[in-house]
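Data file: query34.cif. Format and content: mmCIF, C-alpha atoms.
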data_run
loop_
_atom_site.label_atom_id
_atom_site.label_comp_id
_atom_site.auth_asym_id
_atom_site.auth_seq_id
_atom_site.Cartn_x
_atom_site.Cartn_y
_atom_site.Cartn_z
CA MET L 1 74.52 -47.54 -60.80
CA ARG L 2 75.06 -46.01 -64.20
CA PRO L 3 78.61 -45.20 -65.31
CA ARG L 4 79.53 -41.56 -64.92
CA ASP L 5 79.33 -39.50 -68.10
CA SER L 6 82.96 -39.07 -69.09
CA ARG L 7 82.21 -35.70 -70.66
CA GLY L 8 81.56 -34.31 -67.20
CA ASP L 9 84.65 -35.80 -65.57
CA THR L 10 87.55 -33.98 -67.20
CA GLY L 11 88.63 -32.50 -63.89
CA GLY L 12 88.95 -35.95 -62.36
CA ARG L 13 90.96 -37.23 -65.31
CA GLU L 14 93.27 -34.23 -65.19
CA SER L 15 93.77 -34.67 -61.45
CA ALA L 16 94.60 -38.36 -61.92
CA THR L 17 97.05 -37.47 -64.70
CA VAL L 18 98.80 -34.89 -62.52
CA THR L 19 99.01 -37.34 -59.62
CA SER L 20 100.44 -40.03 -61.90
CA LEU L 21 103.03 -37.63 -63.29
CA ARG L 22 104.07 -36.55 -59.80
CA HIS L 23 104.49 -40.16 -58.73
CA HIS L 24 106.47 -40.97 -61.89
CA ASN L 25 108.81 -38.02 -61.29
CA ARG L 26 109.23 -38.84 -57.62
CA ALA L 27 110.03 -42.48 -58.42
CA ALA L 28 112.57 -41.48 -61.08
CA ALA L 29 114.22 -39.03 -58.68
CA LEU L 30 114.42 -41.48 -55.78
CA ARG L 31 115.81 -44.21 -58.06
CA PHE L 32 118.45 -41.82 -59.38
CA ILE L 33 119.56 -40.72 -55.91
CA LEU L 34 119.75 -44.30 -54.64
CA ARG L 35 121.77 -45.43 -57.65
CA GLU L 36 124.12 -42.43 -57.66
CA ARG L 37 124.50 -42.36 -53.86
CA GLU L 38 125.69 -38.74 -54.16
CA THR L 39 124.20 -36.10 -56.46
CA THR L 40 122.93 -32.52 -56.59
CA ARG L 41 119.55 -30.98 -57.33
CA ALA L 42 120.89 -29.72 -60.68
CA ASP L 43 122.09 -33.20 -61.69
CA LEU L 44 118.78 -34.64 -60.50
CA ALA L 45 116.86 -32.22 -62.72
CA ARG L 46 119.10 -32.83 -65.73
CA SER L 47 119.15 -36.64 -65.47
CA CYS L 48 115.44 -37.06 -64.76
CA GLY L 49 114.19 -34.48 -67.26
CA LEU L 50 112.78 -32.21 -64.55
CA SER L 51 112.71 -28.47 -64.17
CA VAL L 52 115.03 -27.12 -61.49
CA ALA L 53 111.98 -26.13 -59.41
CA SER L 54 110.42 -29.61 -59.69
CA ALA L 55 113.70 -31.29 -58.74
CA ALA L 56 113.99 -29.02 -55.71
CA ASN L 57 110.40 -29.76 -54.63
CA ILE L 58 110.84 -33.52 -55.01
CA ALA L 59 114.14 -33.42 -53.11
CA ALA L 60 112.46 -31.49 -50.29
CA GLU L 61 109.65 -34.05 -50.19
CA LEU L 62 112.09 -36.99 -50.06
CA ILE L 63 114.05 -35.28 -47.29
CA ASP L 64 110.81 -34.70 -45.37
CA ASP L 65 109.95 -38.40 -45.80
CA GLY L 66 113.29 -39.37 -44.26
CA LEU L 67 114.58 -41.12 -47.39
CA VAL L 68 117.14 -38.53 -48.51
CA VAL L 69 119.51 -36.22 -46.66
CA GLU L 70 121.74 -33.28 -47.50
CA ASN L 71 125.19 -34.75 -47.03
CA GLY L 72 127.64 -31.87 -47.06
CA SER L 73 128.30 -29.57 -50.00
CA MET L 74 130.55 -29.03 -52.97
CA ALA L 75 132.09 -25.84 -54.32
CA SER L 76 130.30 -23.94 -57.05
CA ARG L 77 131.69 -21.55 -59.65
CA GLY L 78 131.64 -18.34 -57.70
CA GLY L 79 128.32 -18.82 -55.95
CA ARG L 80 127.13 -20.47 -52.77
CA PRO L 81 128.24 -24.06 -52.06
CA ILE L 82 126.01 -26.68 -53.70
CA ALA L 83 124.29 -29.15 -51.35
CA VAL L 84 124.96 -32.84 -51.99
CA LEU L 85 121.97 -35.22 -51.82
CA SER L 86 122.43 -38.79 -50.59
CA PRO L 87 120.22 -41.65 -49.42
CA ASN L 88 119.42 -41.45 -45.73
CA VAL L 89 121.21 -44.64 -44.77
CA ASP L 90 119.08 -45.02 -41.64
CA GLY L 91 115.85 -44.09 -43.42
CA ALA L 92 114.99 -47.62 -44.49
CA TYR L 93 116.51 -51.08 -44.62
CA ALA L 94 116.09 -54.17 -46.79
CA ILE L 95 116.93 -57.82 -46.35
CA GLY L 96 118.52 -59.75 -49.20
CA VAL L 97 118.91 -63.52 -49.11
CA ASP L 98 121.13 -65.81 -51.16
CA VAL L 99 119.33 -69.16 -50.93
CA GLY L 100 121.65 -72.02 -51.83
CA GLU L 101 121.06 -75.72 -51.81
CA ARG L 102 123.27 -76.05 -48.72
CA GLY L 103 122.15 -73.06 -46.69
CA VAL L 104 121.13 -69.41 -46.71
CA ALA L 105 123.05 -66.14 -46.38
CA VAL L 106 120.66 -63.50 -45.00
CA GLU L 107 121.97 -59.92 -45.16
CA LEU L 108 120.60 -56.62 -43.88
CA PHE L 109 121.30 -53.56 -46.06
CA ASP L 110 120.79 -49.88 -45.33
CA LEU L 111 119.22 -47.51 -47.87
CA SER L 112 122.57 -46.87 -49.54
CA LEU L 113 122.66 -50.65 -50.11
CA GLN L 114 125.62 -51.17 -47.82
CA MET L 115 125.49 -54.40 -45.85
CA VAL L 116 125.21 -53.76 -42.10
CA ASP L 117 124.63 -57.25 -40.71
CA ARG L 118 124.68 -60.85 -41.91
CA GLU L 119 123.53 -64.24 -40.68
CA PHE L 120 124.29 -67.63 -42.25
CA ARG L 121 122.47 -70.87 -41.63
CA GLY L 122 123.16 -74.25 -43.17
CA GLY L 123 125.87 -76.84 -43.44
CA GLN L 124 127.84 -79.04 -45.77
CA ARG L 125 125.01 -81.22 -47.08
CA GLN L 126 122.24 -80.53 -49.55
CA GLU L 127 119.17 -79.41 -47.64
CA SER L 128 115.47 -80.09 -48.16
CA PRO L 129 112.91 -77.31 -48.69
CA ASP L 130 111.86 -77.70 -45.04
CA ASP L 131 115.49 -77.28 -43.95
CA ILE L 132 115.79 -74.12 -46.04
CA GLN L 133 112.62 -72.63 -44.58
CA ARG L 134 113.85 -73.38 -41.05
CA ASP L 135 117.21 -71.76 -41.86
CA LEU L 136 115.45 -68.68 -43.23
CA ARG L 137 113.28 -68.20 -40.15
CA GLU L 138 116.18 -68.71 -37.75
CA ALA L 139 118.41 -66.28 -39.65
CA VAL L 140 115.71 -63.59 -39.90
CA ASP L 141 114.96 -64.01 -36.18
CA ALA L 142 118.66 -63.56 -35.35
CA LEU L 143 118.87 -60.37 -37.42
CA ARG L 144 115.68 -59.02 -35.85
CA THR L 145 117.08 -59.61 -32.35
CA ARG L 146 120.35 -57.82 -33.13
CA ASN L 147 118.69 -54.97 -35.02
CA SER L 148 115.50 -54.32 -33.05
CA GLU L 149 115.93 -50.53 -33.25
CA ARG L 150 116.06 -50.71 -37.06
CA TRP L 151 113.38 -53.32 -37.62
CA GLY L 152 110.47 -50.91 -37.95
CA ARG L 153 112.20 -49.43 -41.00
CA VAL L 154 112.84 -52.72 -42.81
CA LEU L 155 111.01 -52.67 -46.14
CA GLY L 156 110.84 -56.38 -46.85
CA ILE L 157 112.75 -59.57 -47.59
CA GLY L 158 114.11 -60.42 -51.03
CA LEU L 159 114.98 -64.02 -51.86
CA GLY L 160 117.42 -65.09 -54.59
CA LEU L 161 116.45 -68.71 -55.30
CA PRO L 162 117.99 -71.69 -57.14
CA GLY L 163 115.43 -72.33 -59.87
CA VAL L 164 112.59 -70.87 -61.87
CA VAL L 165 110.44 -68.41 -59.91
CA GLU L 166 107.01 -68.05 -61.49
CA GLU L 167 104.31 -65.59 -60.50
CA SER L 168 100.60 -66.27 -61.00
CA ALA L 169 98.02 -63.74 -62.12
CA THR L 170 97.05 -63.30 -58.45
CA GLY L 171 100.63 -62.52 -57.40
CA GLU L 172 101.43 -65.87 -55.78
CA GLN L 173 104.96 -67.08 -56.47
CA THR L 174 106.20 -70.65 -56.87
CA LEU L 175 109.72 -72.05 -57.08
CA TYR L 176 110.45 -74.81 -59.60
CA ALA L 177 113.86 -76.23 -58.64
CA GLN L 178 114.05 -79.24 -60.95
CA SER L 179 117.83 -79.54 -60.62
CA LEU L 180 117.53 -80.04 -56.88
CA GLY L 181 114.82 -82.68 -57.22
CA TRP L 182 112.28 -80.58 -55.32
CA ASP L 183 108.58 -80.57 -55.94
CA PRO L 184 107.19 -77.12 -56.80
CA GLN L 185 107.46 -75.00 -53.66
CA PRO L 186 105.37 -71.95 -52.68
CA ILE L 187 107.61 -69.03 -51.82
CA PRO L 188 107.83 -68.97 -48.02
CA ALA L 189 105.79 -66.21 -46.43
CA GLY L 190 105.50 -65.50 -42.73
CA LEU L 191 109.25 -65.06 -42.22
CA ASP L 192 108.24 -61.93 -40.31
CA ASP L 193 104.70 -60.90 -39.39
CA ARG L 194 104.92 -57.49 -41.07
CA LEU L 195 107.46 -57.87 -43.87
CA PRO L 196 106.50 -58.66 -47.47
CA VAL L 197 108.56 -61.32 -49.23
CA PHE L 198 109.84 -60.90 -52.80
CA ALA L 199 111.51 -63.64 -54.83
CA ASP L 200 113.44 -64.16 -58.04
CA ASN L 201 115.96 -66.52 -59.56
CA GLY L 202 119.42 -66.00 -58.04
CA ALA L 203 121.12 -65.34 -61.38
CA LYS L 204 118.61 -62.59 -62.08
CA THR L 205 119.20 -60.99 -58.69
CA GLN L 206 122.94 -61.04 -59.43
CA ALA L 207 122.23 -59.32 -62.75
CA ARG L 208 120.05 -56.73 -60.95
CA ALA L 209 122.92 -55.89 -58.57
CA GLU L 210 125.42 -55.58 -61.40
CA LEU L 211 122.94 -53.41 -63.35
CA TRP L 212 122.40 -51.04 -60.41
CA TYR L 213 125.91 -50.73 -59.02
CA GLY L 214 128.32 -53.05 -60.77
CA ALA L 215 129.85 -54.10 -64.04
CA ALA L 216 126.59 -53.84 -66.03
CA ARG L 217 125.80 -50.30 -64.85
CA GLY L 218 125.10 -48.03 -67.80
CA ILE L 219 125.19 -50.96 -70.24
CA ASP L 220 122.06 -51.41 -72.35
CA HIS L 221 122.83 -54.92 -73.60
CA ALA L 222 124.72 -57.36 -71.39
CA LEU L 223 124.96 -60.97 -70.26
CA VAL L 224 125.53 -61.55 -66.54
CA ALA L 225 126.53 -65.17 -65.95
CA LEU L 226 126.59 -66.95 -62.61
CA LEU L 227 128.76 -70.05 -62.21
CA GLY L 228 128.53 -72.01 -58.96
CA ARG L 229 127.14 -75.46 -58.26
CA GLY L 230 124.35 -74.32 -60.52
CA VAL L 231 124.76 -72.21 -63.63
CA GLY L 232 122.54 -69.23 -64.43
CA LEU L 233 122.29 -66.10 -66.53
CA GLY L 234 120.63 -62.71 -66.54
CA ILE L 235 120.09 -61.00 -69.88
CA ILE L 236 119.95 -57.21 -69.90
CA THR L 237 118.33 -55.72 -72.97
CA GLY L 238 117.53 -52.05 -73.35
CA GLY L 239 118.82 -51.52 -69.82
CA GLU L 240 116.21 -53.89 -68.34
CA LEU L 241 116.25 -57.51 -67.21
CA TYR L 242 114.66 -59.86 -69.72
CA ARG L 243 112.07 -62.08 -68.02
CA GLY L 244 110.02 -63.95 -70.60
CA ALA L 245 106.30 -64.73 -70.55
CA TYR L 246 106.17 -66.12 -66.99
CA SER L 247 109.45 -64.77 -65.50
CA GLY L 248 111.29 -68.03 -66.17
CA ALA L 249 113.46 -66.86 -69.07
CA THR L 250 117.25 -67.30 -69.32
CA GLU L 251 117.63 -70.75 -67.77
CA TRP L 252 120.91 -70.83 -69.68
CA GLY L 253 122.36 -73.57 -67.47
CA HIS L 254 119.89 -75.98 -69.04
CA THR L 255 120.43 -75.06 -72.65
CA LYS L 256 122.24 -77.82 -74.52
CA ILE L 257 125.80 -77.77 -75.77
CA ARG L 258 126.07 -81.47 -76.62
CA TYR L 259 123.35 -83.68 -78.02
CA ASP L 260 122.85 -86.73 -75.76
CA GLY L 261 125.80 -85.60 -73.63
CA GLU L 262 126.55 -85.79 -69.90
CA VAL L 263 123.62 -86.24 -67.53
CA CYS L 264 122.65 -82.99 -65.82
CA ARG L 265 121.21 -82.64 -62.33
CA CYS L 266 117.92 -81.62 -63.95
CA GLY L 267 117.64 -85.13 -65.46
CA GLN L 268 118.32 -84.11 -69.06
CA ARG L 269 121.52 -84.54 -71.03
CA GLY L 270 124.04 -82.20 -72.52
CA CYS L 271 123.17 -79.13 -70.41
CA VAL L 272 125.67 -76.33 -69.84
CA GLU L 273 125.55 -77.05 -66.11
CA ALA L 274 126.64 -80.65 -66.71
CA TYR L 275 129.98 -79.34 -67.99
CA ILE L 276 130.78 -76.14 -66.10
CA GLY L 277 128.94 -76.39 -62.78
CA ALA L 278 131.21 -76.95 -59.76
CA ASP L 279 130.04 -80.52 -59.23
CA ALA L 280 130.59 -81.35 -62.91
CA LEU L 281 134.14 -79.95 -62.93
CA LEU L 282 135.10 -81.72 -59.71
CA GLU L 283 133.57 -85.03 -60.79
CA ALA L 284 135.52 -84.84 -64.06
CA TRP L 285 138.71 -84.32 -62.07
CA ARG L 286 137.86 -87.15 -59.67
CA ARG L 287 137.40 -89.52 -62.64
CA ARG L 288 140.92 -88.59 -63.74
CA GLY L 289 142.42 -89.34 -60.33
CA GLY L 290 142.09 -85.95 -58.67
CA GLU L 291 142.04 -85.89 -54.88
CA PHE L 292 140.49 -82.99 -52.92
CA GLU L 293 138.37 -82.19 -49.89
CA GLY L 294 134.81 -80.88 -50.05
CA THR L 295 132.98 -79.59 -53.10
CA GLY L 296 133.12 -75.83 -52.67
CA TRP L 297 135.44 -72.85 -52.99
CA HIS L 298 138.56 -74.64 -51.71
CA ALA L 299 137.99 -77.70 -53.89
CA ILE L 300 137.70 -75.57 -57.03
CA GLY L 301 140.79 -73.67 -55.88
CA ALA L 302 142.65 -76.98 -55.55
CA LEU L 303 141.62 -77.92 -59.10
CA LEU L 304 142.83 -74.59 -60.50
CA ASP L 305 146.09 -74.79 -58.55
CA ALA L 306 146.70 -78.35 -59.73
CA SER L 307 146.01 -77.35 -63.34
CA GLN L 308 149.27 -75.38 -63.31
CA SER L 309 151.29 -78.60 -63.24
CA ASP L 310 149.01 -81.68 -63.33
CA PRO L 311 148.01 -82.72 -66.89
CA ALA L 312 144.76 -84.33 -65.69
CA ALA L 313 143.64 -81.16 -63.90
CA THR L 314 144.74 -79.05 -66.86
CA GLU L 315 142.62 -81.20 -69.16
CA VAL L 316 139.55 -80.72 -66.92
CA VAL L 317 139.95 -76.95 -66.72
CA ASP L 318 140.62 -76.60 -70.46
CA ALA L 319 137.56 -78.72 -71.28
CA GLY L 320 135.42 -76.66 -68.89
CA ILE L 321 136.58 -73.40 -70.46
CA ASP L 322 135.89 -74.79 -73.94
CA ALA L 323 132.36 -75.69 -72.82
CA LEU L 324 131.92 -72.23 -71.28
CA GLY L 325 133.11 -70.66 -74.51
CA ALA L 326 130.61 -72.65 -76.54
CA ALA L 327 127.76 -71.81 -74.17
CA LEU L 328 128.51 -68.08 -74.00
CA GLY L 329 129.39 -67.92 -77.69
CA SER L 330 125.91 -69.13 -78.54
CA MET L 331 124.46 -66.40 -76.33
CA VAL L 332 126.66 -63.81 -78.06
CA ASN L 333 125.25 -64.89 -81.41
CA LEU L 334 121.73 -64.83 -79.99
CA THR L 335 121.79 -61.51 -78.09
CA ASN L 336 124.74 -59.41 -79.43
CA PRO L 337 125.83 -58.04 -76.01
CA GLU L 338 128.12 -55.09 -75.37
CA ARG L 339 129.49 -56.74 -72.25
CA ILE L 340 129.62 -60.16 -70.61
CA VAL L 341 129.92 -60.16 -66.82
CA LEU L 342 131.13 -63.41 -65.29
CA GLY L 343 130.33 -64.02 -61.62
CA GLY L 344 129.44 -66.68 -59.10
CA TRP L 345 132.14 -68.27 -56.99
CA VAL L 346 133.29 -70.62 -59.74
CA GLY L 347 133.17 -67.85 -62.32
CA MET L 348 135.22 -65.52 -60.13
CA ARG L 349 137.91 -68.17 -59.59
CA LEU L 350 138.09 -68.89 -63.32
CA MET L 351 138.39 -65.18 -64.10
CA GLU L 352 141.28 -64.84 -61.65
CA HIS L 353 143.33 -67.45 -63.47
CA HIS L 354 141.99 -67.82 -67.02
CA ARG L 355 140.34 -64.61 -68.21
CA ASP L 356 142.20 -64.44 -71.54
CA GLN L 357 141.57 -68.13 -72.22
CA ILE L 358 137.84 -67.63 -71.56
CA ILE L 359 137.68 -64.62 -73.90
CA ASP L 360 139.41 -66.59 -76.64
CA ALA L 361 136.99 -69.51 -76.16
CA VAL L 362 133.90 -67.29 -76.34
CA ARG L 363 135.13 -65.43 -79.43
CA ARG L 364 136.09 -68.69 -81.12
CA ASN L 365 132.47 -69.80 -80.73
CA SER L 366 130.91 -66.53 -81.90
CA LEU L 367 130.43 -65.03 -85.33
CA ASP L 368 133.44 -62.86 -86.16
CA ARG L 369 131.55 -59.57 -86.25
CA LEU L 370 129.69 -60.18 -82.98
CA ALA L 371 132.84 -61.53 -81.34
CA ALA L 372 134.51 -58.15 -81.89
CA GLN L 373 131.68 -56.22 -80.23
CA PHE L 374 131.73 -57.44 -76.61
CA GLU L 375 134.09 -57.25 -73.65
CA LEU L 376 134.38 -59.75 -70.81
CA VAL L 377 134.69 -58.50 -67.22
CA PRO L 378 134.42 -60.08 -63.75
CA ALA L 379 131.40 -59.41 -61.53
CA THR L 380 131.88 -56.52 -59.12
CA PHE L 381 130.58 -57.89 -55.84
CA GLY L 382 131.80 -61.48 -55.61
CA GLY L 383 129.98 -63.63 -53.09
CA ASP L 384 127.50 -60.97 -51.93
CA THR L 385 126.01 -60.22 -55.35
CA VAL L 386 122.91 -62.42 -55.13
CA ALA L 387 121.97 -61.09 -51.68
CA LEU L 388 122.50 -57.48 -52.78
CA GLY L 389 120.35 -57.98 -55.86
CA SER L 390 117.69 -59.63 -53.73
CA ALA L 391 117.63 -56.66 -51.33
CA LEU L 392 116.99 -54.40 -54.30
CA MET L 393 113.55 -55.99 -54.80
CA PRO L 394 111.99 -54.42 -51.66
CA VAL L 395 113.87 -51.19 -52.45
CA GLU L 396 112.36 -51.12 -55.94
CA ALA L 397 108.95 -51.73 -54.37
CA LEU L 398 109.56 -48.67 -52.16
CA ILE L 399 110.42 -46.61 -55.24
CA ASP L 400 107.20 -47.69 -56.96
CA THR L 401 104.97 -47.07 -53.94
CA PRO L 402 102.93 -43.83 -54.01
CA ARG L 403 103.87 -41.45 -51.22
CA SER L 404 100.40 -41.70 -49.70
CA ASP L 405 100.85 -45.48 -49.21
CA LEU L 406 104.20 -45.41 -47.42
CA LEU L 407 104.02 -47.16 -44.05
CA ILE L 408 107.64 -47.11 -42.92
CA THR L 409 107.82 -46.60 -39.14
CA ARG L 410 110.20 -43.88 -38.07
CA GLY L 411 111.98 -44.07 -34.81
#
Re-express the file's structure as structure tokens.
Amino acid sequence: MRPRDSRGDTGGRESATVTSLRHHNRAAALRFILRERETTRADLARSCGLSVASAANIAAELIDDGLVVENGSMASRGGRPIAVLSPNVDGAYAIGVDVGERGVAVELFDLSLQMVDREFRGGQRQESPDDIQRDLREAVDALRTRNSERWGRVLGIGLGLPGVVEESATGEQTLYAQSLGWDPQPIPAGLDDRLPVFADNGAKTQARAELWYGAARGIDHALVALLGRGVGLGIITGGELYRGAYSGATEWGHTKIRYDGEVCRCGQRGCVEAYIGADALLEAWRRRGGEFEGTGWHAIGALLDASQSDPAATEVVDAGIDALGAALGSMVNLTNPERIVLGGWVGMRLMEHHRDQIIDAVRRNSLDRLAAQFELVPATFGGDTVALGSALMPVEALIDTPRSDLLITRG
């Protein structure tokens, strides 16, 4: 078949352009309403660069699709009350998962991104990939059983994973978790017969949550650091997450702060994680005579409590903060952020006790001019940040889906 003569197809091109513009405007409007949680048609028009008539038409369409509702009204200046637009919380749901090396937290969110149910599977020991997949299936099954009336409106499952998540040209995703000693793992599909699965590195999903609703909201250039057993980072530049050539960028935990230094879990030496990850901090304390139970939240809390009076614990915490300052200071010099957001369960505990000391350490390791241009704040959501950011992946897929392709079951 010969190609169609483009000179005779201007109507088709114009139609495609109009359709594309409509989809772009609809996506921008839905994203704005979901992020604002409460807005008006006038604010929608102004923020999305739409005419008042276009904003009203898109709002009507989103209401008709069951994604947006009129949620009360607000007073106007002398005229009729102004209707308030909000996400229809029951219009769609998304599952976000925080996949750790010792278990999974699987959370169900409504369309306003409020968590409505949660299931945890795992234990105290490091699990294998097979264990993690079993945990995932069991947790999803438990949520499905408890939320059967909502399940037809679940958009998909987002996974926040401990490692590099790489996507092939055909859309297949693979997890490279070198620090955990795992072979490359295909992202688990089939967790539910009808739900698509999305995946990303856990630090990036934390950064996505903070960018949408938290401490990085409205910030064009930010660093969002995650400190737990592992150490990760999301870089926000121009208001977007930086991903690199194959989505593996910002493995900050495995940048080097000491040549030929401590052995890291990834097998290399001198990595950031080998100095400020939870296991590294606790092992340093143990070598100095520290006694504690477990390796998690309470153990780190015991270290921080002991550092108030025990010189050995104080030395460990001070050394960890110095290492954190060097690691973040290098990123300040590299990226010139407006804001640094520190999260993860270790990061949150450190910020509770040592925020000023951390700021001083970062600025001491940054160029003077750049050191004066950032602020340091704690993450907004604490332990639920990775799961929330993971749930945003199926929500973003909904936003990007043309209206004609929507298959959400209403009921």
Long-range neighbours of Ser86 in chain L as number ranges by chain, 6 Å cut-off, all atoms listed in the file, 6 positions minimum in chain: L: 37-38, 68-69
| message | Expand the PyMOL selection byres ((chain L and resi 289-296) around 12) into the explicit residue set it covers here, and present it as a PyMOL selection string. | response | chain L and resi 102+123-126+227-230+277-288+297-307+310-316+344-346+349
Convert the current residue selection to file output with C-alpha atoms, as a PDB file, keeping the file's coordinate frame.
ATOM      1  CA  ARG L 102     123.270 -76.050 -48.720  1.00  0.00           C
ATOM      2  CA  GLY L 123     125.870 -76.840 -43.440  1.00  0.00           C
ATOM      3  CA  GLN L 124     127.840 -79.040 -45.770  1.00  0.00           C
ATOM      4  CA  ARG L 125     125.010 -81.220 -47.080  1.00  0.00           C
ATOM      5  CA  GLN L 126     122.240 -80.530 -49.550  1.00  0.00           C
ATOM      6  CA  LEU L 227     128.760 -70.050 -62.210  1.00  0.00           C
ATOM      7  CA  GLY L 228     128.530 -72.010 -58.960  1.00  0.00           C
ATOM      8  CA  ARG L 229     127.140 -75.460 -58.260  1.00  0.00           C
ATOM      9  CA  GLY L 230     124.350 -74.320 -60.520  1.00  0.00           C
ATOM     10  CA  GLY L 277     128.940 -76.390 -62.780  1.00  0.00           C
ATOM     11  CA  ALA L 278     131.210 -76.950 -59.760  1.00  0.00           C
ATOM     12  CA  ASP L 279     130.040 -80.520 -59.230  1.00  0.00           C
ATOM     13  CA  ALA L 280     130.590 -81.350 -62.910  1.00  0.00           C
ATOM     14  CA  LEU L 281     134.140 -79.950 -62.930  1.00  0.00           C
ATOM     15  CA  LEU L 282     135.100 -81.720 -59.710  1.00  0.00           C
ATOM     16  CA  GLU L 283     133.570 -85.030 -60.790  1.00  0.00           C
ATOM     17  CA  ALA L 284     135.520 -84.840 -64.060  1.00  0.00           C
ATOM     18  CA  TRP L 285     138.710 -84.320 -62.070  1.00  0.00           C
ATOM     19  CA  ARG L 286     137.860 -87.150 -59.670  1.00  0.00           C
ATOM     20  CA  ARG L 287     137.400 -89.520 -62.640  1.00  0.00           C
ATOM     21  CA  ARG L 288     140.920 -88.590 -63.740  1.00  0.00           C
ATOM     22  CA  TRP L 297     135.440 -72.850 -52.990  1.00  0.00           C
ATOM     23  CA  HIS L 298     138.560 -74.640 -51.710  1.00  0.00           C
ATOM     24  CA  ALA L 299     137.990 -77.700 -53.890  1.00  0.00           C
ATOM     25  CA  ILE L 300     137.700 -75.570 -57.030  1.00  0.00           C
ATOM     26  CA  GLY L 301     140.790 -73.670 -55.880  1.00  0.00           C
ATOM     27  CA  ALA L 302     142.650 -76.980 -55.550  1.00  0.00           C
ATOM     28  CA  LEU L 303     141.620 -77.920 -59.100  1.00  0.00           C
ATOM     29  CA  LEU L 304     142.830 -74.590 -60.500  1.00  0.00           C
ATOM     30  CA  ASP L 305     146.090 -74.790 -58.550  1.00  0.00           C
ATOM     31  CA  ALA L 306     146.700 -78.350 -59.730  1.00  0.00           C
ATOM     32  CA  SER L 307     146.010 -77.350 -63.340  1.00  0.00           C
ATOM     33  CA  ASP L 310     149.010 -81.680 -63.330  1.00  0.00           C
ATOM     34  CA  PRO L 311     148.010 -82.720 -66.890  1.00  0.00           C
ATOM     35  CA  ALA L 312     144.760 -84.330 -65.690  1.00  0.00           C
ATOM     36  CA  ALA L 313     143.640 -81.160 -63.900  1.00  0.00           C
ATOM     37  CA  THR L 314     144.740 -79.050 -66.860  1.00  0.00           C
ATOM     38  CA  GLU L 315     142.620 -81.200 -69.160  1.00  0.00           C
ATOM     39  CA  VAL L 316     139.550 -80.720 -66.920  1.00  0.00           C
ATOM     40  CA  GLY L 344     129.440 -66.680 -59.100  1.00  0.00           C
ATOM     41  CA  TRP L 345     132.140 -68.270 -56.990  1.00  0.00           C
ATOM     42  CA  VAL L 346     133.290 -70.620 -59.740  1.00  0.00           C
ATOM     43  CA  ARG L 349     137.910 -68.170 -59.590  1.00  0.00           C
TER      44      ARG L 349
END
So which residues fall inside 9 Å of (133.0, -62.2, -60.5) if we count only C-alpha atoms? Mind giving them as a CSV table (one decimal) with C-alpha atoms, in the frame of the given file?
chain,number,residue,atom,x,y,z
L,225,ALA,CA,126.5,-65.2,-66.0
L,226,LEU,CA,126.6,-67.0,-62.6
L,341,VAL,CA,129.9,-60.2,-66.8
L,342,LEU,CA,131.1,-63.4,-65.3
L,343,GLY,CA,130.3,-64.0,-61.6
L,344,GLY,CA,129.4,-66.7,-59.1
L,345,TRP,CA,132.1,-68.3,-57.0
L,346,VAL,CA,133.3,-70.6,-59.7
L,347,GLY,CA,133.2,-67.8,-62.3
L,348,MET,CA,135.2,-65.5,-60.1
L,349,ARG,CA,137.9,-68.2,-59.6
L,350,LEU,CA,138.1,-68.9,-63.3
L,351,MET,CA,138.4,-65.2,-64.1
L,352,GLU,CA,141.3,-64.8,-61.6
L,377,VAL,CA,134.7,-58.5,-67.2
L,378,PRO,CA,134.4,-60.1,-63.8
L,379,ALA,CA,131.4,-59.4,-61.5
L,380,THR,CA,131.9,-56.5,-59.1
L,381,PHE,CA,130.6,-57.9,-55.8
L,382,GLY,CA,131.8,-61.5,-55.6
L,383,GLY,CA,130.0,-63.6,-53.1
L,385,THR,CA,126.0,-60.2,-55.4
Selection dump of the PyMOL selection byres ((chain L and resi 241) around 10), as an MDAnalysis selection string:
chainID L and resid 204:205 207:208 211 220:223 234:240 242:244 249
- Item | Top pick for closest residue to Arg31 in chain L, considering L:Ser54, L:Ile82, L:Leu161, L:Ala59 and counting all atoms listed in the file |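 When distances to Arg31 in chain L are compared using all atoms listed in the file, the smallest one comes from L:Ala59.
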Practice item. Determine the residue set returned by the PyMOL selection byres ((chain L and resi 118) around 8) for the present structure, and present it as a ChimeraX atom specification. Key: /L:105-108,115-117,119-120,143
As a count of residues only, please: the residues near Ile358 in chain L (cut-off 10 Å, all atoms listed in the file, same-chain neighbours under 3 positions excluded). 18
Q. Nearest to Asp368 in chain L among L:Ala60, L:Met393, L:Val332, L:Ile276, with distances taken over only C-alpha atoms: which residue is it?
A.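 Looking only at the distances to Asp368 in chain L, the closest residue turns out to be L:Val332.
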Quiz prompt | Using only C-alpha atoms: which of L:Thr335, L:Gln268, L:Asn365, L:Asn71 has the shortest distance to Thr250 in chain L | solution =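 Result for the nearest residue to Thr250 in chain L: L:Thr335.
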Write out as a list in words each polymer residue whose atoms come within 8 Å of Pro402 in chain L, counting all atoms listed in the file; drop sequence neighbours fewer than 3 positions from it.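 Near Pro402 in chain L, the qualifying residues are His23, Asp405 and Leu406 of chain L.
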A straight line from CA of Leu85 in chain L to CA of Arg41 in chain L spans 7.4 Å
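The interatomic distance for the pair CA of Ala274 in chain L and CA of Lys256 in chain L works out to 9.4 Å.
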re CA of Asn333 in chain L and CA of Gly214 in chain L: distance 24.0 Å
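Nearest residue to Ala189 in chain L among L:Leu392, L:Ile157, L:Ala327, L:Ile58 is L:Ile157, counting only C-alpha atoms.
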